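**Q** Structure provided below as structure tokens; questions to follow.
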Amino acid sequence: MSQPKTVQVELAGRGYDILVGSGLLKRAADYIVPKLASKKAIIVTDAHVGTIYGSQLKANLRTADITCEILTIPAGEGSKNFATFEWLMNQLLALKVDRKTTIIALGGGVVGDLAGFAASVLLRGVPFIQIPTSLLAQVDSSVGGKTAINASVGKNLIGSFYQPQLVLADSDVLKTLPPRELKAGYAEVIKYGLIMSPEFYEDCLSDGAKIIAGDEEAQQYAVLASCQFKAEIVKMDEREKDDLRALLNFGHTFGHALEAETGFSETLLHGEAVAIGMVMACRLSHRMGLIGADVETQLAAHFKALGMMAHPNDVKGQRWAVDAIASHFADDKKAEGGKLTFVVLNEIGRAVVAKNVDAALARDVVASYL
Ligand code: NAD
Ligand code: GLY
């Protein structure tokens, strides 16, 4: 058990550490207790993760005299809704939380986004710690303070920016993550290479198979590098005001549209939608004359070789309609004044926000797959 590596998210007054390593959950109290404002914490988790790790975390915190209750939500994207949010808030209030009670999110992005949103509005804000347990949550959702639930008209439309006080990314927990979830998380890993670093993109092409196969060293490297990339962006554009943080949404406008068409269900996981969406965004970038067609070909082939989805038709049992997909582009948070905004690539490792993208071109790109 080596010392964890640390990534600092530098934000004036709201900075925090992300610890990346193994054995962190087993020693969680060592890292968490110094951050607590009182001896009371509430663990929010989901039914899958809670069963595997909930009691272990609670028992570990108890050894440090921390009074700790566990609140468990159903697993899956469906829990990022008003009903679960309301249930969670009422449960938290019933546990007589005060402003010094820390909420600990133990789970994937669903738990982190929901619990983080709850922490941000409960009593006008209580302290919050993230223990991300999916690859996607370790490399993306637990870092940077975006919290949200979904509305019936779209994903992540109700939320806040609310930074955690600490993030513990333990590679041990990835051992129980289902392979499908691991692959979904990998999409967000390679995204950093595509948008920010040709070198990291190359690393992903060579090591992606190891990450998916559960190689701990490769996974820790991927998590550490991803958190460094994300921390760099968040430091410069915490609230997505300068077209910088928006780069993290590469592939997401297409991906969100596909997710919306599948009803945000198990049919298509968020990371799977992002993988397909990034392939489609490469084609859009090509059609805009920015990159060669070979970028899409290489990315899609890499995903295929790893057994990942790379094309809308890889989604089993789904019948797509071009206009239905395209109709979501204007709903996206990135749409401004009726013009379409997409993140596109100027080259591998250099993404830009393109405003005024022709809606007909975007529709055409969708149609070219179906
Ligand atoms: P998730 O939270 O649903 O987790 C995926 C599945 O894996 C769930 O069934 C969960 O119970 C299970 N699981 C998680 N960790 C496990 C483990 N260690 N062992 C066994 N099972 C485990 O989904 P996700 O992919 O982690 O996150 C997706 C969500 O994150 C989406 O709602 C997306 O919008 C959000 N997101 C947010 C941000 C952000 O910046 N806040 C960024 C990216 C994605
Ligand atoms: N995942 C996008 C962001 O954090 O901004």
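A note on labels: chains of the structure tokens are A, B, ... as shown, every chain counts residues from 1, and ligands are counted from 1 in their shown order.
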Determine, counting only C-alpha atoms, which protein, DNA and RNA residues have an atom within 6 Å of an atom of Arg245 of chain A; residues of the same chain fewer than 5 positions away are not included. Present the result as a CSV table (one decimal) with C-alpha atoms, in the first residue's frame.
**A**
chain,number,residue,atom,x,y,z
A,233,ILE,CA,-9.4,23.6,-16.6
A,237,ASP,CA,-12.9,28.4,-15.7
A,240,GLU,CA,-17.9,27.6,-17.5
**Q** How close does each residue of chain A get to ligand 1, giving the shortest atom pair and distance in Å to one decimal for every residue with an atom at most 7 Å away, counting only C-alpha atoms and all ligand atoms, sorted by chain and residue number, as a tab-separated table?
**A**
residue	atom	partner	partner_atom_place_in_ligand_line	distance
A:Asp46	CA	ligand 1	11 (O)	5.7
A:Ala47	CA	ligand 1	11 (O)	6.4
A:His48	CA	ligand 1	11 (O)	4.4
A:Val49	CA	ligand 1	11 (O)	5.2
A:Ala75	CA	ligand 1	11 (O)	4.7
A:Gly76	CA	ligand 1	3 (O)	4.1
A:Glu77	CA	ligand 1	3 (O)	5.3
A:Lys80	CA	ligand 1	32 (O)	6.9
A:Gly107	CA	ligand 1	15 (N)	5.2
A:Gly108	CA	ligand 1	2 (O)	3.2
A:Gly109	CA	ligand 1	27 (O)	3.2
A:Val110	CA	ligand 1	2 (O)	3.7
A:Val111	CA	ligand 1	2 (O)	5.6
A:Asp113	CA	ligand 1	41 (N)	5.4
A:Thr133	CA	ligand 1	15 (N)	4.1
A:Ser134	CA	ligand 1	15 (N)	4.0
A:Leu135	CA	ligand 1	26 (O)	6.8
A:Leu136	CA	ligand 1	26 (O)	5.0
A:Ala137	CA	ligand 1	26 (O)	4.8
A:Asp140	CA	ligand 1	42 (C)	5.0
A:Ser141	CA	ligand 1	38 (C)	3.5
A:Ser142	CA	ligand 1	41 (N)	6.2
A:Val143	CA	ligand 1	40 (O)	6.5
A:Gly144	CA	ligand 1	40 (O)	6.3
A:Gly145	CA	ligand 1	41 (N)	6.5
A:Lys146	CA	ligand 1	41 (N)	4.2
A:Thr147	CA	ligand 1	41 (N)	5.1
A:Ala148	CA	ligand 1	41 (N)	6.9
A:Lys155	CA	ligand 1	34 (O)	7.0
A:Asn156	CA	ligand 1	34 (O)	6.4
A:Val173	CA	ligand 1	18 (N)	4.4
A:Leu174	CA	ligand 1	18 (N)	4.9
A:Lys175	CA	ligand 1	18 (N)	6.7
A:Thr176	CA	ligand 1	19 (N)	4.1
A:Leu177	CA	ligand 1	19 (N)	3.7
A:Pro178	CA	ligand 1	20 (C)	6.1
A:Glu181	CA	ligand 1	7 (O)	5.9
A:Ala184	CA	ligand 1	25 (O)	6.6
A:Gly185	CA	ligand 1	25 (O)	6.2
A:Leu269	CA	ligand 1	25 (O)	6.9
A:His270	CA	ligand 1	28 (C)	5.6
A:Gly271	CA	ligand 1	25 (O)	6.1
**Q** With C-alpha atoms retained, write the just-selected residues as a CSV table (one decimal), in the first residue's frame.
**A**
chain,number,residue,atom,x,y,z
A,46,ASP,CA,-26.6,3.6,-4.0
A,47,ALA,CA,-27.8,0.1,-3.6
A,48,HIS,CA,-25.0,-1.6,-5.5
A,49,VAL,CA,-22.1,0.4,-4.0
A,75,ALA,CA,-28.7,2.6,-8.4
A,76,GLY,CA,-28.8,4.2,-11.9
A,77,GLU,CA,-29.4,7.5,-13.7
A,80,LYS,CA,-31.0,11.8,-10.4
A,107,GLY,CA,-20.6,5.9,-5.4
A,108,GLY,CA,-20.6,6.8,-9.1
A,109,GLY,CA,-21.5,10.0,-10.8
A,110,VAL,CA,-25.2,9.6,-10.0
A,111,VAL,CA,-24.6,9.5,-6.3
A,113,ASP,CA,-24.2,14.6,-8.6
A,133,THR,CA,-16.3,4.5,-7.0
A,134,SER,CA,-16.8,4.3,-10.8
A,135,LEU,CA,-14.0,5.1,-13.3
A,136,LEU,CA,-16.2,7.8,-14.7
A,137,ALA,CA,-16.7,9.4,-11.3
A,140,ASP,CA,-14.6,13.4,-14.2
A,141,SER,CA,-17.8,13.8,-12.2
A,142,SER,CA,-16.2,13.9,-8.6
A,143,VAL,CA,-13.9,16.7,-9.7
A,144,GLY,CA,-14.8,20.3,-10.3
A,145,GLY,CA,-18.0,20.8,-8.3
A,146,LYS,CA,-20.7,20.4,-10.9
A,147,THR,CA,-23.8,18.9,-9.2
A,148,ALA,CA,-27.1,18.3,-10.7
A,155,LYS,CA,-30.2,16.2,-18.3
A,156,ASN,CA,-28.4,18.0,-15.5
A,173,VAL,CA,-12.9,-0.2,-5.7
A,174,LEU,CA,-12.6,-0.4,-9.5
A,175,LYS,CA,-12.2,-4.1,-9.1
A,176,THR,CA,-15.9,-4.6,-8.4
A,177,LEU,CA,-17.0,-2.2,-11.1
A,178,PRO,CA,-18.8,-4.1,-13.9
A,181,GLU,CA,-19.2,0.6,-16.5
A,184,ALA,CA,-18.1,3.8,-20.2
A,185,GLY,CA,-15.7,5.6,-17.8
A,269,LEU,CA,-25.0,4.6,-20.3
A,270,HIS,CA,-23.7,8.2,-20.1
A,271,GLY,CA,-20.1,7.2,-20.9
**Q** Contacts of Ile104 of chain A at 9 Å or less, counting only C-alpha atoms, minus same-chain residues fewer than 3 places along, as a tab-separated table (two decimals) with C-alpha atoms, in the first residue's frame?
**A**
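File written: part_1.tsv
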chain	number	residue	atom	x	y	z
A	41	ALA	CA	-21.29	12.61	8.80
A	42	ILE	CA	-23.90	11.07	6.52
A	43	ILE	CA	-22.88	8.65	3.78
A	44	VAL	CA	-25.03	8.82	0.66
A	45	THR	CA	-24.61	5.80	-1.57
A	112	GLY	CA	-21.97	12.30	-6.52
A	115	ALA	CA	-25.54	14.15	-3.04
A	116	GLY	CA	-23.47	17.16	-4.10
A	127	PRO	CA	-19.65	20.32	3.81
A	128	PHE	CA	-19.27	17.61	1.19
A	129	ILE	CA	-16.70	14.88	0.43
A	130	GLN	CA	-16.56	12.68	-2.65
A	131	ILE	CA	-15.50	9.02	-2.66
**Q** Could you write out, as a PyMOL selection string, all the residues of segment 95-272 of chain A that DSSP marks as alpha helix (DSSP H)?
**A** chain A and resi 109-121+135-136+179-196+198-213+216-236+252-261+270-272
**Q** Write out as a PyMOL selection string each polymer residue whose atoms come within 9 Å of Asp98 of chain A, counting only C-alpha atoms; drop sequence neighbours fewer than 5 positions from it.
**A** chain A and resi 93+123+126
**Q** Would you mind exporting the chosen residues as a PDB file, in the first residue's frame, restricted to N, CA and C atoms?
**A**
ATOM      1  N   LEU A  93     -32.831  15.793   6.680  1.00  0.00           N
ATOM      2  CA  LEU A  93     -33.406  16.651   7.716  1.00  0.00           C
ATOM      3  C   LEU A  93     -33.881  15.820   8.906  1.00  0.00           C
ATOM      4  N   LEU A 123     -29.722  23.379   4.200  1.00  0.00           N
ATOM      5  CA  LEU A 123     -29.364  24.434   5.173  1.00  0.00           C
ATOM      6  C   LEU A 123     -28.472  25.504   4.510  1.00  0.00           C
ATOM      7  N   VAL A 126     -23.911  22.506   3.203  1.00  0.00           N
ATOM      8  CA  VAL A 126     -23.160  21.790   4.250  1.00  0.00           C
ATOM      9  C   VAL A 126     -21.920  21.178   3.597  1.00  0.00           C
TER      10      VAL A 126
END
**Q** Return the single residue from A:Val189, A:Ile158, A:Val353, A:Leu258 that is closest to Gln219 of chain A, with distances computed using only C-alpha atoms.
**A** A:Val189
